[in-house]
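Content type mmCIF, C-alpha atoms, from the file run_36.cif:
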```
data_protein
loop_
_atom_site.label_atom_id
_atom_site.label_comp_id
_atom_site.auth_asym_id
_atom_site.auth_seq_id
_atom_site.Cartn_x
_atom_site.Cartn_y
_atom_site.Cartn_z
CA MET A 1 129.27 91.78 125.08
CA ASP A 2 127.32 91.81 121.79
CA ASN A 3 123.57 92.05 122.44
CA THR A 4 122.48 92.62 118.86
CA GLY A 5 120.97 89.14 118.56
CA ALA A 6 118.48 89.81 121.35
CA GLY A 7 115.21 91.62 120.78
CA PRO A 8 114.85 95.26 121.80
CA ARG A 9 114.09 96.37 125.34
CA PHE A 10 111.79 99.28 126.16
CA SER A 11 114.86 101.50 126.39
CA ASP A 12 115.91 100.47 122.85
CA ILE A 13 112.70 101.81 121.29
CA ASP A 14 112.10 105.44 120.32
CA SER A 15 108.45 105.86 119.30
CA TRP A 16 105.73 108.47 119.34
CA GLY A 17 102.33 109.22 117.85
CA ALA A 18 100.07 112.24 117.53
CA THR A 19 96.90 113.35 115.77
CA HIS A 20 95.40 116.70 114.77
CA VAL A 21 91.93 117.65 113.57
CA GLY A 22 93.40 119.77 110.76
CA LYS A 23 92.21 123.17 109.55
CA VAL A 24 88.96 122.23 107.82
CA ARG A 25 87.22 119.34 109.59
CA GLU A 26 85.20 119.99 112.75
CA GLU A 27 85.72 116.49 114.15
CA ASN A 28 88.83 114.34 114.34
CA GLN A 29 87.77 110.93 113.01
CA ASP A 30 91.28 109.46 113.25
CA ASP A 31 92.35 107.26 116.15
CA PHE A 32 95.63 105.55 117.00
CA PHE A 33 97.68 103.53 119.47
CA VAL A 34 101.46 103.39 119.74
CA GLY A 35 103.42 101.38 122.28
CA SER A 36 104.29 97.77 123.04
CA LEU A 37 102.86 94.46 124.11
CA ALA A 38 104.27 93.32 127.44
CA ARG A 39 103.75 90.55 129.95
CA ASP A 40 102.45 91.97 133.21
CA GLY A 41 102.31 89.11 135.70
CA GLY A 42 100.38 86.36 134.00
CA ARG A 43 98.75 88.37 131.21
CA VAL A 44 99.77 90.18 128.04
CA ARG A 45 98.66 93.78 127.78
CA ALA A 46 99.27 96.83 125.63
CA VAL A 47 101.61 99.45 127.11
CA SER A 48 101.41 102.91 125.54
CA VAL A 49 104.47 105.12 125.05
CA GLU A 50 103.31 107.25 127.99
CA GLU A 51 103.46 104.19 130.28
CA ARG A 52 106.88 102.88 129.33
CA ALA A 53 109.04 104.85 131.80
CA GLY A 54 110.76 102.28 134.01
CA ALA A 55 108.96 99.43 132.26
CA ASP A 56 112.21 97.49 131.62
CA ARG A 57 112.41 96.80 135.34
CA GLU A 58 108.76 95.82 135.77
CA LEU A 59 107.50 94.20 132.56
CA GLU A 60 108.68 91.70 129.96
CA ARG A 61 108.54 93.46 126.62
CA LEU A 62 107.19 91.21 123.84
CA ALA A 63 106.57 93.29 120.71
CA SER A 64 106.08 96.75 119.26
CA LEU A 65 102.53 97.74 118.37
CA GLY A 66 101.24 100.66 116.34
CA VAL A 67 97.75 101.20 114.90
CA VAL A 68 96.21 104.01 112.84
CA ALA A 69 92.53 104.15 111.86
CA ASP A 70 90.90 106.85 109.74
CA GLY A 71 87.13 106.94 110.00
CA VAL A 72 85.29 107.40 106.72
CA GLY A 73 84.52 111.11 106.80
CA SER A 74 81.30 110.92 104.81
CA LEU A 75 79.70 108.72 107.47
CA VAL A 76 78.23 110.05 110.71
CA ARG A 77 79.92 107.36 112.81
CA GLY A 78 83.33 107.39 111.13
CA GLY A 79 85.15 108.50 114.26
CA GLU A 80 83.36 105.89 116.34
CA ALA A 81 84.36 103.20 113.84
CA ALA A 82 88.01 104.26 114.10
CA ARG A 83 87.95 104.07 117.90
CA ILE A 84 86.23 100.67 117.87
CA ALA A 85 88.75 99.31 115.34
CA VAL A 86 91.80 100.47 117.28
CA SER A 87 90.60 99.28 120.69
CA GLY A 88 89.27 96.00 119.29
CA LEU A 89 92.41 95.13 117.35
CA VAL A 90 94.73 96.00 120.24
CA ALA A 91 92.64 93.87 122.62
CA ALA A 92 92.52 90.91 120.20
CA VAL A 93 96.26 90.92 119.53
CA ALA A 94 97.05 91.08 123.25
CA HIS A 95 94.56 88.31 124.06
CA TYR A 96 95.85 85.83 121.46
CA PHE A 97 99.52 86.83 121.42
CA ASP A 98 100.91 84.09 123.68
CA ASP A 99 99.11 81.28 121.85
CA ALA A 100 100.30 82.60 118.48
CA ALA A 101 103.88 83.10 119.68
CA ARG A 102 104.06 79.51 120.95
CA ALA A 103 102.72 78.17 117.65
CA GLU A 104 104.74 80.34 115.25
CA SER A 105 107.80 78.09 114.96
CA SER A 106 105.69 75.19 113.65
CA ASP A 107 102.98 77.35 112.04
CA PRO A 108 104.59 80.41 110.37
CA GLU A 109 101.23 81.76 109.20
CA VAL A 110 99.66 81.92 112.65
CA PHE A 111 100.12 85.68 113.16
CA CYS A 112 98.86 86.37 109.64
CA ARG A 113 95.65 84.50 110.44
CA LEU A 114 95.32 86.20 113.82
CA LEU A 115 95.50 89.69 112.33
CA HIS A 116 93.36 88.84 109.30
CA ASP A 117 90.63 87.23 111.40
CA ALA A 118 90.69 90.02 114.01
CA ALA A 119 90.17 92.63 111.28
CA LEU A 120 87.27 90.67 109.77
CA SER A 121 85.72 90.22 113.21
CA CYS A 122 85.81 93.99 113.73
CA HIS A 123 84.34 94.51 110.26
CA GLU A 124 81.49 92.11 110.89
CA SER A 125 80.75 93.76 114.24
CA LEU A 126 80.47 97.19 112.63
CA VAL A 127 78.28 95.81 109.83
CA ARG A 128 75.91 94.19 112.36
CA SER A 129 75.77 97.43 114.33
CA ALA A 130 74.83 99.34 111.18
CA GLU A 131 72.11 96.83 110.32
CA GLU A 132 70.63 97.14 113.81
CA GLY A 133 71.01 100.90 114.22
CA GLY A 134 70.61 102.09 110.66
CA LEU A 135 73.84 104.14 110.57
CA GLN A 136 76.89 102.78 108.78
CA ALA A 137 80.30 103.14 110.44
CA ALA A 138 83.49 102.44 108.51
CA THR A 139 87.19 103.08 108.84
CA THR A 140 90.56 102.35 107.34
CA LEU A 141 93.02 100.42 109.48
CA THR A 142 96.76 99.86 109.47
CA LEU A 143 98.47 97.86 112.23
CA PHE A 144 102.16 97.14 112.71
CA LEU A 145 103.12 94.30 115.05
CA GLY A 146 106.87 94.24 115.52
CA LEU A 147 108.31 90.96 116.77
CA TRP A 148 112.05 90.29 116.35
CA PRO A 149 113.65 90.12 113.83
CA HIS A 150 110.43 90.25 111.82
CA ALA A 151 107.11 92.06 111.94
CA TYR A 152 103.60 91.89 110.52
CA LEU A 153 101.66 94.63 108.76
CA LEU A 154 97.86 94.50 108.59
CA GLN A 155 96.09 96.89 106.25
CA VAL A 156 92.53 97.71 105.24
CA GLY A 157 92.02 100.92 103.25
CA ASP A 158 94.55 103.63 102.51
CA THR A 159 96.26 104.46 105.78
CA ARG A 160 99.92 103.91 104.97
CA CYS A 161 103.02 102.29 106.40
CA TYR A 162 106.52 103.31 105.33
CA THR A 163 109.90 101.97 106.34
CA LEU A 164 113.22 103.82 106.15
CA ARG A 165 116.30 101.63 105.78
CA GLY A 166 119.44 103.72 105.50
CA ASP A 167 118.41 106.52 103.14
CA THR A 168 115.75 104.51 101.31
CA LEU A 169 112.07 105.09 102.04
CA THR A 170 109.66 102.34 100.98
CA GLN A 171 105.88 102.28 101.20
CA ILE A 172 105.21 98.72 102.34
CA SER A 173 101.43 99.08 102.37
CA GLN A 174 99.36 99.36 99.20
CA ASP A 175 96.43 101.77 99.03
CA GLN A 176 93.09 100.01 98.71
CA THR A 177 91.49 102.70 96.55
CA LEU A 178 89.82 102.81 93.16
CA ALA A 179 92.79 104.84 91.88
CA GLN A 180 95.25 102.14 92.93
CA GLU A 181 93.11 99.52 91.18
CA LEU A 182 93.43 101.55 87.97
CA VAL A 183 97.20 101.64 88.45
CA ASP A 184 97.31 97.88 89.07
CA ARG A 185 95.37 97.26 85.85
CA GLY A 186 97.77 99.44 83.88
CA VAL A 187 95.05 101.96 83.03
CA MET A 188 97.08 104.93 84.31
CA SER A 189 100.28 105.81 86.10
CA ARG A 190 100.42 106.30 89.85
CA THR A 191 101.19 109.99 89.36
CA ALA A 192 98.12 110.44 87.18
CA ALA A 193 95.92 108.34 89.47
CA GLU A 194 96.78 110.44 92.52
CA LYS A 195 95.27 113.48 90.77
CA THR A 196 91.95 111.85 89.93
CA ARG A 197 88.75 111.90 91.97
CA TRP A 198 89.29 108.18 92.64
CA ALA A 199 92.45 108.78 94.67
CA HIS A 200 90.66 108.69 98.02
CA VAL A 201 87.67 106.50 97.14
CA LEU A 202 88.18 103.33 99.15
CA SER A 203 87.77 99.88 97.61
CA SER A 204 88.05 98.27 101.06
CA ALA A 205 87.20 99.48 104.57
CA VAL A 206 86.41 97.96 107.95
CA GLY A 207 82.63 98.28 108.27
CA GLY A 208 82.25 99.28 104.61
CA GLU A 209 80.69 97.41 101.71
CA GLN A 210 83.81 95.26 101.44
CA ALA A 211 86.76 94.58 103.74
CA ALA A 212 89.81 92.85 102.28
CA PRO A 213 92.49 92.67 105.00
CA VAL A 214 96.03 92.22 103.72
CA VAL A 215 98.77 90.94 106.04
CA THR A 216 102.43 91.23 105.07
CA ARG A 217 105.48 89.85 106.89
CA VAL A 218 108.50 92.17 106.88
CA THR A 219 112.06 91.98 108.19
CA ARG A 220 113.29 94.34 110.92
CA ASP A 221 116.77 95.52 111.78
CA TRP A 222 118.41 97.89 114.23
CA GLY A 223 118.08 101.51 113.18
CA ASN A 224 115.15 100.99 110.79
CA VAL A 225 112.36 103.57 111.05
CA ILE A 226 108.65 102.73 110.70
CA LEU A 227 106.04 105.40 109.95
CA LEU A 228 102.26 104.88 109.95
CA CYS A 229 99.97 107.70 108.87
CA SER A 230 96.48 108.65 107.77
CA ASP A 231 96.06 110.27 104.37
CA GLY A 232 95.83 113.66 106.04
CA LEU A 233 99.64 113.59 105.94
CA THR A 234 100.21 112.30 102.41
CA LYS A 235 97.67 114.70 100.87
CA HIS A 236 100.06 117.54 101.71
CA VAL A 237 103.52 116.06 102.35
CA SER A 238 105.34 114.20 99.58
CA ASP A 239 107.14 110.90 100.02
CA GLU A 240 110.42 112.67 99.32
CA ARG A 241 109.78 115.18 102.10
CA ILE A 242 108.82 112.35 104.49
CA ARG A 243 112.11 110.64 103.61
CA GLU A 244 114.11 113.81 104.27
CA GLN A 245 112.44 114.33 107.63
CA LEU A 246 113.02 110.73 108.75
CA ILE A 247 116.68 110.82 107.69
CA GLN A 248 117.21 113.99 109.72
CA MET A 249 115.10 112.98 112.72
CA ARG A 250 116.42 113.67 116.20
CA SER A 251 113.64 111.79 117.95
CA ALA A 252 110.36 110.11 117.10
CA ARG A 253 108.39 112.80 118.92
CA GLN A 254 110.19 115.64 117.13
CA VAL A 255 109.69 114.22 113.64
CA THR A 256 106.06 113.28 114.33
CA GLU A 257 105.24 116.82 115.41
CA GLU A 258 107.13 118.39 112.50
CA LEU A 259 105.44 116.20 109.89
CA ILE A 260 102.00 117.07 111.28
CA GLN A 261 102.91 120.75 111.19
CA GLU A 262 103.98 120.42 107.56
CA ALA A 263 100.61 118.86 106.72
CA LEU A 264 98.87 121.79 108.42
CA ASP A 265 101.09 124.31 106.66
CA GLY A 266 100.25 122.60 103.35
CA GLY A 267 96.53 123.13 103.86
CA GLY A 268 95.43 120.78 106.65
CA THR A 269 92.36 119.73 104.68
CA ASP A 270 91.90 116.49 106.63
CA ASN A 271 92.56 114.98 110.03
CA VAL A 272 96.22 114.00 110.20
CA THR A 273 97.77 111.23 112.31
CA VAL A 274 101.42 110.18 112.35
CA LEU A 275 103.17 107.38 114.24
CA VAL A 276 106.95 106.95 114.12
CA GLY A 277 109.04 104.22 115.73
CA ARG A 278 112.63 103.05 115.47
CA THR A 279 115.02 100.68 117.19
CA LEU A 280 118.09 102.45 118.52
CA PRO A 281 121.33 100.63 117.64
CA ARG A 282 123.06 99.10 120.67
CA SER A 283 126.71 99.91 121.20
CA SER A 284 127.26 96.93 123.46
#
```
Show how you would write the structure in this file as structure tokens.
Amino acid sequence: MDNTGAGPRFSDIDSWGATHVGKVREENQDDFFVGSLARDGGRVRAVSVEERAGADRELERLASLGVVADGVGSLVRGGEAARIAVSGLVAAVAHYFDDAARAESSDPEVFCRLLHDAALSCHESLVRSAEEGGLQAATTLTLFLGLWPHAYLLQVGDTRCYTLRGDTLTQISQDQTLAQELVDRGVMSRTAAEKTRWAHVLSSAVGGEQAAPVVTRVTRDWGNVILLCSDGLTKHVSDERIREQLIQMRSARQVTEELIQEALDGGGTDNVTVLVGRTLPRSS
């Protein structure tokens, strides 16, 4: 029987995530979540990869969920901002998921609004906290919500999302940095911009001076690989090397750990976080 038209089960998903403080920083200001949304009795909740063993028998799997946040290292509360963003976004998506899923057929933009508004709500909360406490807290944020056969990508800042389809690696996020703005204006090439001091100066951040959430709808298919990462990876590992590693991957955990090690071997000048997920093709 052909099951390829149905969405993936827990057992059809191979995903993993890990983070490392790096070789230079004293504190890891990255945070992440990787797992699924599932219906547990009458409520929707997030289920991490560590919880998924046997979940097919106990829970109704609804969607894949991955989040990476990279606290702004120059701020005292960068790590706190990353943790607040991840936990807040995961909670918001779980809380509103059923309402959005019911409305999506007649309102195709409903998930885009949900993610956009949840990011702005988190931003406003961090800004209020800074005004009251006197210490600014800001973070980048990239969230992947995988429905079937489509998904949504939310981005604020320069944490990245890549997809591998066949042998082709595509960055489906766009860095919100001053360097990328120069590229967009035609002032310089991307290669030149990446070598300037503007390459990691954010033009948008949750809790920063400006937050400009961007939500993109993407198509999914069996066998596609999704990678989310903080810039601690891409500072030291090229897109071509990421592509090679994903093509050769044996498991999500293996390739996650090897990419982090390559970032450390390349200098490890920043915290590094990598999430990898893929749908395993069904034979029947």
So that I can see what lies close to Arg241 in chain A, please list as a VMD selection string the residues with an atom at most 12 Å from it, counting all atoms listed in the file and leaving out residues fewer than 5 positions away in the same chain.
chain A and resid 169 233 to 234 236 246 to 248 255 258 to 259 262 to 263
Reference answer for the PyMOL selection byres ((chain A and resi 152) around 6), as a ChimeraX atom specification:
/A:144-145,151,153,216-217
A:Ala138, A:Cys112, A:Ala85, A:Leu37 ranked by distance to Ser203 in chain A, top pick (using all atoms listed in the file)
A:Ala138
Using the chain letters and numbers from this file, what does the PyMOL selection byres ((chain A and resi 124-134) around 8) select? Give the answer as a count of residues only.
12
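Nearest residue to Gln29 in chain A, choosing from A:Leu143, A:Val276, A:Ile84, A:Val44 and counting only C-alpha atoms: A:Ile84.
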What is the distance, in Å and to one decimal place, between CA of Glu244 in chain A and CA of Asp167 in chain A?
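Distance between the two atoms: 8.5 Å.
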If we count all atoms listed in the file, what is near Ala252 in chain A at a cut-off of 9 Å, once residues fewer than 2 positions away on the same chain are taken out, given as a ChimeraX atom specification?
/A:14-17,246,249-250,254-257,275-278
Excluding Asp56 in chain A and residues on its chain fewer than 2 positions from it, collect all residues at most 12 Å away from it, counting all atoms listed in the file, and give them as a ChimeraX atom specification.
/A:8-13,36,38-40,47,51-54,58-62
Closest to Asp221 in chain A among A:Thr177, A:Thr279, A:Ser64, A:Thr269, using all atoms listed in the file?
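Using all atoms listed in the file, the shortest distance to Asp221 in chain A belongs to A:Thr279.
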Would you work out the distance separating CA of Val201 in chain A from CA of Glu240 in chain A, expressed in Å to one decimal?
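Answer for the CA of Val201 in chain A to CA of Glu240 in chain A separation: 23.7 Å.
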Could you give me range 208-219 of chain A completed to all heavy atoms, formatted as an mmCIF file, in the frame of the given file?
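Printed below is result16.cif as written:
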```cif
data_model
loop_
_atom_site.group_PDB
_atom_site.id
_atom_site.type_symbol
_atom_site.label_atom_id
_atom_site.label_comp_id
_atom_site.auth_asym_id
_atom_site.auth_seq_id
_atom_site.Cartn_x
_atom_site.Cartn_y
_atom_site.Cartn_z
ATOM 1 N N GLY A 208 82.763 98.812 105.898
ATOM 2 C CA GLY A 208 82.250 99.280 104.610
ATOM 3 C C GLY A 208 81.584 98.160 103.834
ATOM 4 O O GLY A 208 81.303 97.081 104.361
ATOM 5 N N GLU A 209 81.337 98.420 102.547
ATOM 6 C CA GLU A 209 80.690 97.410 101.710
ATOM 7 C C GLU A 209 81.565 96.185 101.544
ATOM 8 O O GLU A 209 81.080 95.069 101.370
ATOM 9 C CB GLU A 209 80.345 98.012 100.344
ATOM 10 C CG GLU A 209 79.282 99.085 100.406
ATOM 11 C CD GLU A 209 78.896 99.586 99.040
ATOM 12 O OE1 GLU A 209 79.392 99.020 98.035
ATOM 13 O OE2 GLU A 209 78.096 100.535 98.962
ATOM 14 N N GLN A 210 82.879 96.375 101.561
ATOM 15 C CA GLN A 210 83.810 95.260 101.440
ATOM 16 C C GLN A 210 85.032 95.531 102.294
ATOM 17 O O GLN A 210 85.545 96.653 102.335
ATOM 18 C CB GLN A 210 84.245 95.097 99.978
ATOM 19 C CG GLN A 210 85.326 94.031 99.774
ATOM 20 C CD GLN A 210 85.709 93.891 98.318
ATOM 21 O OE1 GLN A 210 84.864 93.861 97.448
ATOM 22 N NE2 GLN A 210 87.004 93.810 98.065
ATOM 23 N N ALA A 211 85.513 94.500 102.981
ATOM 24 C CA ALA A 211 86.760 94.580 103.740
ATOM 25 C C ALA A 211 87.675 93.459 103.255
ATOM 26 O O ALA A 211 87.289 92.297 103.269
ATOM 27 C CB ALA A 211 86.512 94.432 105.236
ATOM 28 N N ALA A 212 88.853 93.829 102.796
ATOM 29 C CA ALA A 212 89.810 92.850 102.280
ATOM 30 C C ALA A 212 91.140 93.020 103.009
ATOM 31 O O ALA A 212 92.074 93.646 102.483
ATOM 32 C CB ALA A 212 89.994 93.030 100.783
ATOM 33 N N PRO A 213 91.252 92.499 104.236
ATOM 34 C CA PRO A 213 92.490 92.670 105.000
ATOM 35 C C PRO A 213 93.678 92.015 104.298
ATOM 36 O O PRO A 213 93.576 90.898 103.790
ATOM 37 C CB PRO A 213 92.203 91.961 106.324
ATOM 38 C CG PRO A 213 90.716 91.822 106.389
ATOM 39 C CD PRO A 213 90.257 91.709 104.978
ATOM 40 N N VAL A 214 94.789 92.736 104.281
ATOM 41 C CA VAL A 214 96.030 92.220 103.720
ATOM 42 C C VAL A 214 97.078 92.215 104.829
ATOM 43 O O VAL A 214 97.286 93.225 105.508
ATOM 44 C CB VAL A 214 96.531 93.092 102.546
ATOM 45 C CG1 VAL A 214 97.896 92.609 102.064
ATOM 46 C CG2 VAL A 214 95.518 93.073 101.408
ATOM 47 N N VAL A 215 97.728 91.065 105.026
ATOM 48 C CA VAL A 215 98.770 90.940 106.040
ATOM 49 C C VAL A 215 100.085 90.613 105.352
ATOM 50 O O VAL A 215 100.159 89.689 104.547
ATOM 51 C CB VAL A 215 98.430 89.859 107.091
ATOM 52 C CG1 VAL A 215 99.515 89.807 108.165
ATOM 53 C CG2 VAL A 215 97.061 90.116 107.719
ATOM 54 N N THR A 216 101.111 91.385 105.675
ATOM 55 C CA THR A 216 102.430 91.230 105.070
ATOM 56 C C THR A 216 103.463 91.024 106.167
ATOM 57 O O THR A 216 103.429 91.708 107.196
ATOM 58 C CB THR A 216 102.808 92.488 104.265
ATOM 59 O OG1 THR A 216 101.766 92.779 103.337
ATOM 60 C CG2 THR A 216 104.123 92.288 103.523
ATOM 61 N N ARG A 217 104.370 90.067 105.960
ATOM 62 C CA ARG A 217 105.480 89.850 106.890
ATOM 63 C C ARG A 217 106.697 90.606 106.381
ATOM 64 O O ARG A 217 107.032 90.525 105.195
ATOM 65 C CB ARG A 217 105.789 88.363 107.010
ATOM 66 C CG ARG A 217 106.946 88.040 107.967
ATOM 67 C CD ARG A 217 107.124 86.537 108.091
ATOM 68 N NE ARG A 217 108.404 86.182 108.676
ATOM 69 C CZ ARG A 217 108.565 85.396 109.728
ATOM 70 N NH1 ARG A 217 107.502 84.869 110.309
ATOM 71 N NH2 ARG A 217 109.756 85.108 110.201
ATOM 72 N N VAL A 218 107.329 91.369 107.255
ATOM 73 C CA VAL A 218 108.500 92.170 106.880
ATOM 74 C C VAL A 218 109.643 91.902 107.845
ATOM 75 O O VAL A 218 109.433 91.463 108.983
ATOM 76 C CB VAL A 218 108.167 93.677 106.856
ATOM 77 C CG1 VAL A 218 107.143 93.991 105.793
ATOM 78 C CG2 VAL A 218 107.682 94.158 108.223
ATOM 79 N N THR A 219 110.859 92.178 107.384
ATOM 80 C CA THR A 219 112.060 91.980 108.190
ATOM 81 C C THR A 219 112.428 93.278 108.903
ATOM 82 O O THR A 219 112.320 94.364 108.330
ATOM 83 C CB THR A 219 113.237 91.531 107.313
ATOM 84 O OG1 THR A 219 112.868 90.316 106.654
ATOM 85 C CG2 THR A 219 114.482 91.293 108.145
#
```
